[in-house]
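The file run.cif contains mmCIF, C-alpha atoms:
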```
data_model
#
loop_
_atom_site.group_PDB
_atom_site.id
_atom_site.type_symbol
_atom_site.label_atom_id
_atom_site.label_comp_id
_atom_site.auth_asym_id
_atom_site.auth_seq_id
_atom_site.Cartn_x
_atom_site.Cartn_y
_atom_site.Cartn_z
ATOM 1 C CA MET A 1 126.319 75.335 116.030
ATOM 2 C CA ASP A 2 128.119 77.143 113.206
ATOM 3 C CA ASN A 3 128.979 80.839 113.345
ATOM 4 C CA LYS A 4 126.043 81.966 111.209
ATOM 5 C CA SER A 5 123.587 80.016 113.354
ATOM 6 C CA GLN A 6 125.032 81.668 116.449
ATOM 7 C CA ILE A 7 124.657 85.082 114.843
ATOM 8 C CA ARG A 8 121.069 84.261 113.876
ATOM 9 C CA GLN A 9 120.268 83.350 117.473
ATOM 10 C CA SER A 10 121.813 86.611 118.706
ATOM 11 C CA LEU A 11 119.438 88.828 116.726
ATOM 12 C CA THR A 12 116.960 90.809 118.846
ATOM 13 C CA ALA A 13 114.288 93.487 118.710
ATOM 14 C CA ARG A 14 117.091 96.046 118.687
ATOM 15 C CA HIS A 15 118.213 94.896 115.226
ATOM 16 C CA HIS A 16 114.599 95.157 114.092
ATOM 17 C CA ALA A 17 114.326 98.693 115.492
ATOM 18 C CA THR A 18 117.576 99.812 113.866
ATOM 19 C CA LEU A 19 116.705 98.484 110.420
ATOM 20 C CA PHE A 20 113.298 100.130 110.514
ATOM 21 C CA ALA A 21 114.773 103.493 111.516
ATOM 22 C CA TYR A 22 117.434 103.264 108.802
ATOM 23 C CA ILE A 23 114.791 102.601 106.133
ATOM 24 C CA VAL A 24 112.694 105.548 107.301
ATOM 25 C CA LYS A 25 115.721 107.853 107.488
ATOM 26 C CA SER A 26 116.988 106.864 104.058
ATOM 27 C CA SER A 27 113.522 107.293 102.531
ATOM 28 C CA ILE A 28 112.986 110.726 104.075
ATOM 29 C CA ASP A 29 116.470 111.813 103.007
ATOM 30 C CA ILE A 30 115.503 111.156 99.384
ATOM 31 C CA PHE A 31 111.746 111.794 99.220
ATOM 32 C CA GLY A 32 111.011 114.059 102.181
ATOM 33 C CA ASN A 33 107.457 113.816 103.450
ATOM 34 C CA ASP A 34 106.303 112.337 100.149
ATOM 35 C CA CYS A 35 107.249 108.888 101.442
ATOM 36 C CA ILE A 36 105.316 109.038 104.735
ATOM 37 C CA GLN A 37 102.112 107.490 103.375
ATOM 38 C CA THR A 38 104.139 104.770 101.659
ATOM 39 C CA LEU A 39 105.895 103.876 104.904
ATOM 40 C CA GLU A 40 102.619 103.960 106.820
ATOM 41 C CA ASN A 41 101.108 101.555 104.304
ATOM 42 C CA GLY A 42 104.052 99.212 104.804
ATOM 43 C CA ILE A 43 103.763 99.296 108.596
ATOM 44 C CA ARG A 44 100.030 98.626 108.446
ATOM 45 C CA ARG A 45 100.472 95.669 106.107
ATOM 46 C CA TYR A 46 103.304 94.311 108.235
ATOM 47 C CA GLY A 47 101.087 94.513 111.324
ATOM 48 C CA ASN A 48 98.102 93.007 109.538
ATOM 49 C CA GLN A 49 100.174 90.033 108.397
ATOM 50 C CA ARG A 50 101.510 89.377 111.886
ATOM 51 C CA GLY A 51 98.041 89.615 113.387
ATOM 52 C CA TYR A 52 96.616 87.277 110.767
ATOM 53 C CA ARG A 53 99.213 84.614 111.545
ATOM 54 C CA MET A 54 98.445 84.918 115.256
ATOM 55 C CA ALA A 55 94.739 84.465 114.523
ATOM 56 C CA GLN A 56 95.302 81.314 112.474
ATOM 57 C CA ARG A 57 97.170 79.685 115.368
ATOM 58 C CA ALA A 58 94.465 80.686 117.837
ATOM 59 C CA LEU A 59 91.787 79.224 115.569
ATOM 60 C CA LYS A 60 93.728 75.998 115.218
ATOM 61 C CA ASP A 61 93.557 75.748 119.005
ATOM 62 C CA ARG A 62 89.788 76.320 118.756
ATOM 63 C CA ASN A 63 90.036 79.611 120.626
ATOM 64 C CA LYS A 64 87.968 82.732 120.056
ATOM 65 C CA LEU A 65 89.609 85.687 118.398
ATOM 66 C CA ASP A 66 89.233 87.890 121.465
ATOM 67 C CA ILE A 67 91.634 90.051 123.464
ATOM 68 C CA LEU A 68 92.584 87.101 125.661
ATOM 69 C CA SER A 69 93.753 85.092 122.644
ATOM 70 C CA TYR A 70 95.508 88.136 121.246
ATOM 71 C CA LEU A 71 97.576 88.353 124.415
ATOM 72 C CA ILE A 72 98.382 84.634 124.271
ATOM 73 C CA TYR A 73 99.474 84.230 120.658
ATOM 74 C CA GLY A 74 102.090 86.969 120.256
ATOM 75 C CA GLU A 75 104.837 86.038 117.794
ATOM 76 C CA TRP A 76 107.880 87.523 119.482
ATOM 77 C CA GLU A 77 109.532 87.664 122.860
ATOM 78 C CA SER A 78 111.992 90.208 124.132
ATOM 79 C CA ALA A 79 115.370 89.636 125.695
ATOM 80 C CA PRO A 80 115.385 89.574 129.525
ATOM 81 C CA ASN A 81 114.791 92.958 131.168
ATOM 82 C CA GLU A 82 114.212 94.750 127.854
ATOM 83 C CA MET A 83 110.457 95.271 128.236
ATOM 84 C CA GLN A 84 108.206 96.399 131.074
ATOM 85 C CA ILE A 85 104.515 96.018 130.317
ATOM 86 C CA ASP A 86 101.748 96.412 132.890
ATOM 87 C CA PHE A 87 98.000 95.900 132.732
ATOM 88 C CA TYR A 88 95.164 97.693 134.510
ATOM 89 C CA ILE A 89 91.397 97.265 134.321
ATOM 90 C CA SER A 90 89.372 100.363 133.484
ATOM 91 C CA SER A 91 85.647 99.516 133.433
ATOM 92 C CA SER A 92 85.233 97.053 130.524
ATOM 93 C CA ASP A 93 88.497 98.203 128.928
ATOM 94 C CA VAL A 94 91.964 96.742 129.416
ATOM 95 C CA ASN A 95 94.660 99.365 129.831
ATOM 96 C CA MET A 96 98.189 98.261 128.831
ATOM 97 C CA THR A 97 101.194 100.474 129.507
ATOM 98 C CA ALA A 98 104.812 100.083 128.434
ATOM 99 C CA SER A 99 107.405 101.907 130.500
ATOM 100 C CA LYS A 100 110.434 100.116 129.022
ATOM 101 C CA CYS A 101 110.808 99.033 125.411
ATOM 102 C CA SER A 102 113.600 97.623 123.249
ATOM 103 C CA TRP A 103 112.613 99.768 120.266
ATOM 104 C CA TYR A 104 112.539 103.017 122.201
ATOM 105 C CA ASP A 105 115.803 102.263 123.998
ATOM 106 C CA GLU A 106 117.626 101.467 120.766
ATOM 107 C CA TRP A 107 116.290 104.473 118.874
ATOM 108 C CA ASN A 108 117.054 106.755 121.798
ATOM 109 C CA LYS A 109 120.597 105.402 122.180
ATOM 110 C CA GLU A 110 121.347 105.836 118.463
ATOM 111 C CA ASN A 111 119.635 109.249 118.098
ATOM 112 C CA LEU A 112 116.991 107.728 115.818
ATOM 113 C CA LEU A 113 113.837 108.417 117.836
ATOM 114 C CA ARG A 114 112.273 110.684 115.218
ATOM 115 C CA TYR A 115 112.414 107.823 112.730
ATOM 116 C CA GLY A 116 110.631 105.421 115.048
ATOM 117 C CA VAL A 117 107.495 107.526 115.491
ATOM 118 C CA LEU A 118 105.714 106.041 112.475
ATOM 119 C CA TYR A 119 106.178 102.498 113.770
ATOM 120 C CA CYS A 120 104.700 103.314 117.168
ATOM 121 C CA ASP A 121 101.856 105.302 115.623
ATOM 122 C CA PHE A 122 100.488 102.414 113.589
ATOM 123 C CA VAL A 123 101.866 98.943 114.254
ATOM 124 C CA ASP A 124 99.820 97.888 117.291
ATOM 125 C CA ALA A 125 96.445 98.855 115.850
ATOM 126 C CA ALA A 126 97.414 97.096 112.609
ATOM 127 C CA LEU A 127 98.314 93.946 114.553
ATOM 128 C CA LEU A 128 94.930 93.848 116.249
ATOM 129 C CA GLU A 129 93.139 94.591 112.981
ATOM 130 C CA GLY A 130 94.895 91.665 111.315
ATOM 131 C CA PHE A 131 93.991 89.437 114.253
ATOM 132 C CA ASN A 132 90.328 90.439 114.337
ATOM 133 C CA PRO A 133 89.080 93.672 112.723
ATOM 134 C CA GLU A 134 86.088 93.740 115.087
ATOM 135 C CA LEU A 135 88.366 94.402 118.083
ATOM 136 C CA LYS A 136 89.331 97.948 119.044
ATOM 137 C CA LEU A 137 92.619 99.372 120.324
ATOM 138 C CA ASP A 138 93.248 103.026 121.135
ATOM 139 C CA LEU A 139 96.762 104.384 121.593
ATOM 140 C CA LEU A 140 96.539 107.533 123.706
ATOM 141 C CA GLU A 141 100.251 108.390 123.744
ATOM 142 C CA HIS A 142 103.665 106.836 123.281
ATOM 143 C CA ARG A 143 107.227 107.418 124.344
ATOM 144 C CA THR A 144 108.702 108.297 120.954
ATOM 145 C CA LYS A 145 106.534 111.434 121.103
ATOM 146 C CA GLY A 146 107.744 112.322 124.582
ATOM 147 C CA ALA A 147 105.224 110.528 126.827
ATOM 148 C CA LYS A 148 106.364 108.870 130.028
ATOM 149 C CA ASN A 149 104.709 105.565 129.005
ATOM 150 C CA CYS A 150 103.055 104.082 125.966
ATOM 151 C CA ASP A 151 99.379 103.993 126.902
ATOM 152 C CA PHE A 152 97.026 101.539 125.139
ATOM 153 C CA TYR A 153 93.363 100.710 125.718
ATOM 154 C CA PHE A 154 91.818 97.483 124.461
ATOM 155 C CA ARG A 155 88.204 98.608 124.310
ATOM 156 C CA ASP A 156 85.587 96.242 125.758
ATOM 157 C CA GLY A 157 88.248 93.651 126.520
ATOM 158 C CA ASN A 158 86.170 92.497 129.499
ATOM 159 C CA LEU A 159 89.067 90.784 131.252
ATOM 160 C CA ASN A 160 90.158 90.752 134.863
ATOM 161 C CA ILE A 161 93.730 90.713 136.119
ATOM 162 C CA GLU A 162 93.681 86.984 136.846
ATOM 163 C CA GLU A 163 92.660 86.264 133.253
ATOM 164 C CA ILE A 164 95.486 88.463 132.013
ATOM 165 C CA ASN A 165 97.933 86.653 134.284
ATOM 166 C CA GLU A 166 96.603 83.331 132.998
ATOM 167 C CA ALA A 167 97.162 84.541 129.417
ATOM 168 C CA SER A 168 100.789 85.240 130.327
ATOM 169 C CA ARG A 169 101.152 81.752 131.804
ATOM 170 C CA THR A 170 99.615 80.166 128.703
ATOM 171 C CA ASN A 171 101.910 82.192 126.477
ATOM 172 C CA LYS A 172 104.895 80.833 128.410
ATOM 173 C CA LEU A 173 103.457 77.302 128.220
ATOM 174 C CA LEU A 174 103.223 77.540 124.447
ATOM 175 C CA GLY A 175 106.819 78.751 124.416
ATOM 176 C CA LYS A 176 108.558 78.603 121.062
ATOM 177 C CA THR A 177 105.604 76.996 119.266
ATOM 178 C CA THR A 178 103.963 80.369 118.617
ATOM 179 C CA LYS A 179 107.124 82.433 118.344
ATOM 180 C CA LYS A 180 109.178 83.369 115.310
ATOM 181 C CA HIS A 181 112.911 84.060 115.563
ATOM 182 C CA TRP A 182 113.996 87.658 115.229
ATOM 183 C CA ASP A 183 115.637 86.951 111.876
ATOM 184 C CA TYR A 184 112.121 86.272 110.557
ATOM 185 C CA HIS A 185 110.672 89.491 111.991
ATOM 186 C CA ILE A 186 113.591 91.543 110.696
ATOM 187 C CA GLY A 187 113.192 89.967 107.265
ATOM 188 C CA HIS A 188 109.476 90.682 107.410
ATOM 189 C CA ILE A 189 109.749 94.430 108.087
ATOM 190 C CA TYR A 190 112.452 94.671 105.411
ATOM 191 C CA LYS A 191 110.437 92.919 102.701
ATOM 192 C CA THR A 192 107.178 94.720 103.435
ATOM 193 C CA LEU A 193 108.737 98.188 103.324
ATOM 194 C CA LYS A 194 110.746 97.230 100.256
ATOM 195 C CA GLN A 195 107.580 96.255 98.387
ATOM 196 C CA GLU A 196 105.846 99.519 99.246
ATOM 197 C CA LEU A 197 108.842 101.685 98.348
ATOM 198 C CA GLU A 198 109.327 99.865 95.055
ATOM 199 C CA LYS A 199 105.630 100.105 94.199
ATOM 200 C CA ASP A 200 105.409 103.849 94.803
ATOM 201 C CA PHE A 201 108.914 105.034 93.850
ATOM 202 C CA ARG A 202 110.321 102.256 91.637
ATOM 203 C CA ASP A 203 114.106 102.456 91.188
ATOM 204 C CA GLU A 204 114.440 105.445 93.502
ATOM 205 C CA GLY A 205 112.595 103.522 96.197
ATOM 206 C CA LEU A 206 115.062 100.675 95.832
ATOM 207 C CA ARG A 207 117.908 103.174 96.062
ATOM 208 C CA ALA A 208 116.570 104.381 99.395
ATOM 209 C CA LEU A 209 116.388 100.793 100.574
ATOM 210 C CA ARG A 210 119.954 100.019 99.455
ATOM 211 C CA ASN A 211 121.212 103.042 101.388
ATOM 212 C CA ALA A 212 119.469 101.750 104.517
ATOM 213 C CA LEU A 213 120.859 98.241 104.042
ATOM 214 C CA GLU A 214 124.366 99.602 103.701
ATOM 215 C CA MET A 215 124.018 101.381 107.053
ATOM 216 C CA TYR A 216 122.676 98.157 108.554
ATOM 217 C CA ARG A 217 125.609 96.166 107.165
ATOM 218 C CA GLU A 218 128.140 98.706 108.438
ATOM 219 C CA LYS A 219 126.644 98.526 111.922
ATOM 220 C CA TYR A 220 126.141 94.772 112.279
ATOM 221 C CA GLY A 221 128.398 93.110 109.714
ATOM 222 C CA GLN A 222 128.190 91.094 106.518
ATOM 223 C CA GLU A 223 126.711 87.920 107.984
ATOM 224 C CA VAL A 224 123.831 89.752 109.669
ATOM 225 C CA TYR A 225 123.184 91.476 106.345
ATOM 226 C CA GLU A 226 123.198 88.140 104.488
ATOM 227 C CA ILE A 227 120.717 86.638 106.959
ATOM 228 C CA LEU A 228 118.355 89.527 106.215
ATOM 229 C CA LEU A 229 118.483 88.864 102.471
ATOM 230 C CA GLU A 230 117.488 85.222 102.993
ATOM 231 C CA PHE A 231 113.895 86.412 103.457
ATOM 232 C CA GLU A 232 113.557 88.027 100.015
ATOM 233 C CA ASP A 233 111.247 85.235 98.794
ATOM 234 C CA THR A 234 109.389 84.487 102.033
ATOM 235 C CA ASN A 235 105.590 84.700 101.906
ATOM 236 C CA PHE A 236 104.652 86.389 105.173
ATOM 237 C CA ASP A 237 100.931 85.775 104.634
ATOM 238 C CA ILE A 238 101.411 82.051 105.149
ATOM 239 C CA VAL A 239 101.192 80.439 108.570
ATOM 240 C CA ASP A 240 103.774 77.694 108.920
ATOM 241 C CA ASP A 241 102.900 74.290 110.412
ATOM 242 C CA TYR A 242 101.759 74.966 113.973
ATOM 243 C CA GLU A 243 101.314 72.088 116.356
ATOM 244 C CA SER A 244 99.715 73.175 119.610
ATOM 245 C CA ILE A 245 100.673 71.628 122.917
ATOM 246 C CA ILE A 246 97.502 72.772 124.712
ATOM 247 C CA ILE A 247 94.773 70.878 122.843
#
```
Rendering of file as structure tokens:
Amino acid sequence: MDNKSQIRQSLTARHHATLFAYIVKSSIDIFGNDCIQTLENGIRRYGNQRGYRMAQRALKDRNKLDILSYLIYGEWESAPNEMQIDFYISSSDVNMTASKCSWYDEWNKENLLRYGVLYCDFVDAALLEGFNPELKLDLLEHRTKGAKNCDFYFRDGNLNIEEINEASRTNKLLGKTTKKHWDYHIGHIYKTLKQELEKDFRDEGLRALRNALEMYREKYGQEVYEILLEFEDTNFDIVDDYESIII
């Protein structure tokens, strides 16, 4: 494995978190609150695209687009011990809490928490909307706003704990077939926010993005920066060839 391939494999959710925060910081530094709606639009579209790709894989496996499938077909996995997610049943709803999170930990460590709030406010609901707009997710609170845990409710999920555990086992069985490497996810958040900033602010939007990329390059190095730019022409609405191992 060459050096660049090794670097690619070393990318994690923490790189994703840092790049997002840098783009938000750079945009706010230039545009103030005028850029908030633009960034929100980018996060929502990013989430919708991810959810849509998940749905297409579930449909290829002839599965319903329900909460169970949503839990099975997630596109990313965290590094060991970087996430702690727990599930509880509340009537017909499924309550999901996160008490440990790669994004929060990275933002907190780098004093970037205030720039992560927008991501946590919108990305999960956008994911579910892209997967199936008839499903409902409520976020009651999250850690970037000072809560002890991130507290989500999948409304009318109608699952029991054994079904949730089975979803986790199926997700592990599918392994890498449903997952995208972190270079892809980092490239995705970059391109989506770039398109929104350019659309609304033109050259000044691109200036904000360049400032963020320079901070990213200074932190992680030239090769990590070059890997990011490889996704400039990627179409994130397209689902790549997915061959299930469970049908």
Hits from the PyMOL selection byres ((chain A and resi 152) around 6), listed as a PDB file with C-alpha atoms, in the frame of the given file:
```pdb
ATOM      1  CA  ASN A  95      94.660  99.365 129.831  1.00  0.00           C
ATOM      2  CA  MET A  96      98.189  98.261 128.831  1.00  0.00           C
ATOM      3  CA  ASP A 138      93.248 103.026 121.135  1.00  0.00           C
ATOM      4  CA  LEU A 139      96.762 104.384 121.593  1.00  0.00           C
ATOM      5  CA  ASP A 151      99.379 103.993 126.902  1.00  0.00           C
ATOM      6  CA  TYR A 153      93.363 100.710 125.718  1.00  0.00           C
TER       7      TYR A 153
END
```
- Atomic separation - CA of Ser78 (chain A) relative to CA of Asn111 (chain A), Å: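 Rounded to one decimal, the two atoms are 21.4 Å apart.
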As AutoDock Vina command-line options, please report the centre and edge lengths, rounded to one decimal in Å, of the axis-aligned box that holds all listed atoms of region 93-97 of chain A with 8 Å of padding on each of the six sides.
```
--center_x 94.8 --center_y 98.6 --center_z 129.3 --size_x 28.7 --size_y 19.7 --size_z 17.0
```
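Taking CA of Lys136 (chain A) and CA of Phe154 (chain A) as endpoints, the distance between them is 6.0 Å.
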- Selection near Val239 (chain A), 8 Å with all atoms listed in the file, sequence-local residues under 3 positions removed, as a list in words: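 Using all atoms listed in the file, the neighbours found are Arg53, Gln56, Arg57, Phe236 and Tyr242 of chain A.
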- Task: Have a look at CA of Phe20 (chain A) and CA of Gln84 (chain A) and let me know their distance in Å, one decimal.
- Result: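 That distance, rounded to one decimal, is 21.5 Å.
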- Task: Run the PyMOL selection byres ((chain A and resi 116) around 12) mentally over the shown coordinates, then write out the matched residues as a VMD selection string, using the chain letters and numbers from the document.
- Result: chain A and resid 14 16 to 25 39 to 40 43 102 to 108 110 to 115 117 to 123 142 to 145
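Excluding Lys191 (chain A) and any residue on its chain fewer than 3 positions from it, the residues at most 8 Å away by only C-alpha atoms are Gly187, His188, Lys194, Gln195, Phe231 and Glu232 of chain A.
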- Query: Which residues, written as a PyMOL selection string, have at least one atom at most 6 Å from region 125-131 of chain A, with only C-alpha atoms counted and residues fewer than 3 positions away on the same chain left out?
  - Reply: chain A and resi 44+47-48+51-52+55+122+137
- Resolved residues for the PyMOL selection byres ((chain A and resi 163) around 12) as a list in words: Ile67, Leu68, Ser69, Leu71, Ile72, Phe87, Tyr88, Ile89, Val94, Gly157, Asn158, Leu159, Asn160, Ile161, Glu162, Ile164, Asn165, Glu166, Ala167, Ser168, Arg169 and Thr170 of chain A
- Message: Under the rule that only C-alpha atoms are counted, which of A:Ala212, A:Ile189, A:Asp200, A:Leu206 is the nearest residue to Asp34 (chain A)?
- Response: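 Closest to Asp34 (chain A) of all the choices is A:Asp200.
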- Hey, which of A:Glu198, A:Asp183, A:Glu218, A:Asp93 ends up closest to Ser5 (chain A)? Count only C-alpha atoms.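 Ranked by minimum distance to Ser5 (chain A), first place goes to A:Asp183.
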- Message: I'd like to know which of A:Ser244, A:Thr12, A:Thr192, A:Thr234 is closest to Thr38 (chain A), using only C-alpha atoms.
- Response: A:Thr192
- Compare A:Arg207, A:Ala98, A:Cys150, A:Tyr70 by their minimum atom-to-atom distance to Asp86 (chain A), counting only C-alpha atoms, and give me the closest one. A:Ala98
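Of the listed residues A:Leu193, A:Ala79, A:Ala208, A:Leu174, the one whose atoms come nearest to Tyr46 (chain A) is A:Leu193, with distances taken using all atoms listed in the file.
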- Item | Close residues, Tyr73 (chain A) itself excluded, 7 Å, all atoms listed in the file, min 6 positions apart in chain, as an MDAnalysis selection string | chainID A and resid 54 58 171 178
Kindly export the residues of the current selection with C-alpha atoms, as a PDB file, keeping the file's coordinate frame.
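As a result, result-v4.pdb now contains:
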```pdb
ATOM      1  CA  MET A  54      98.445  84.918 115.256  1.00  0.00           C
ATOM      2  CA  ALA A  58      94.465  80.686 117.837  1.00  0.00           C
ATOM      3  CA  ASN A 171     101.910  82.192 126.477  1.00  0.00           C
ATOM      4  CA  THR A 178     103.963  80.369 118.617  1.00  0.00           C
TER       5      THR A 178
END
```
- Task: Just give me the residues with any atom within 10 Å of (121.7, 88.1, 112.3), file coordinates, counting all atoms listed in the file, written as number ranges by chain.
- Result: A: 4-12, 15, 182-184, 186, 220-228
- From the set A:Cys101, A:Ile30, A:His181, A:Glu134, which residue has the shortest atom-to-atom contact distance to Arg210 (chain A), counting all atoms listed in the file?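 Ranking A:Cys101, A:Ile30, A:His181, A:Glu134 by distance to Arg210 (chain A), first place goes to A:Ile30.
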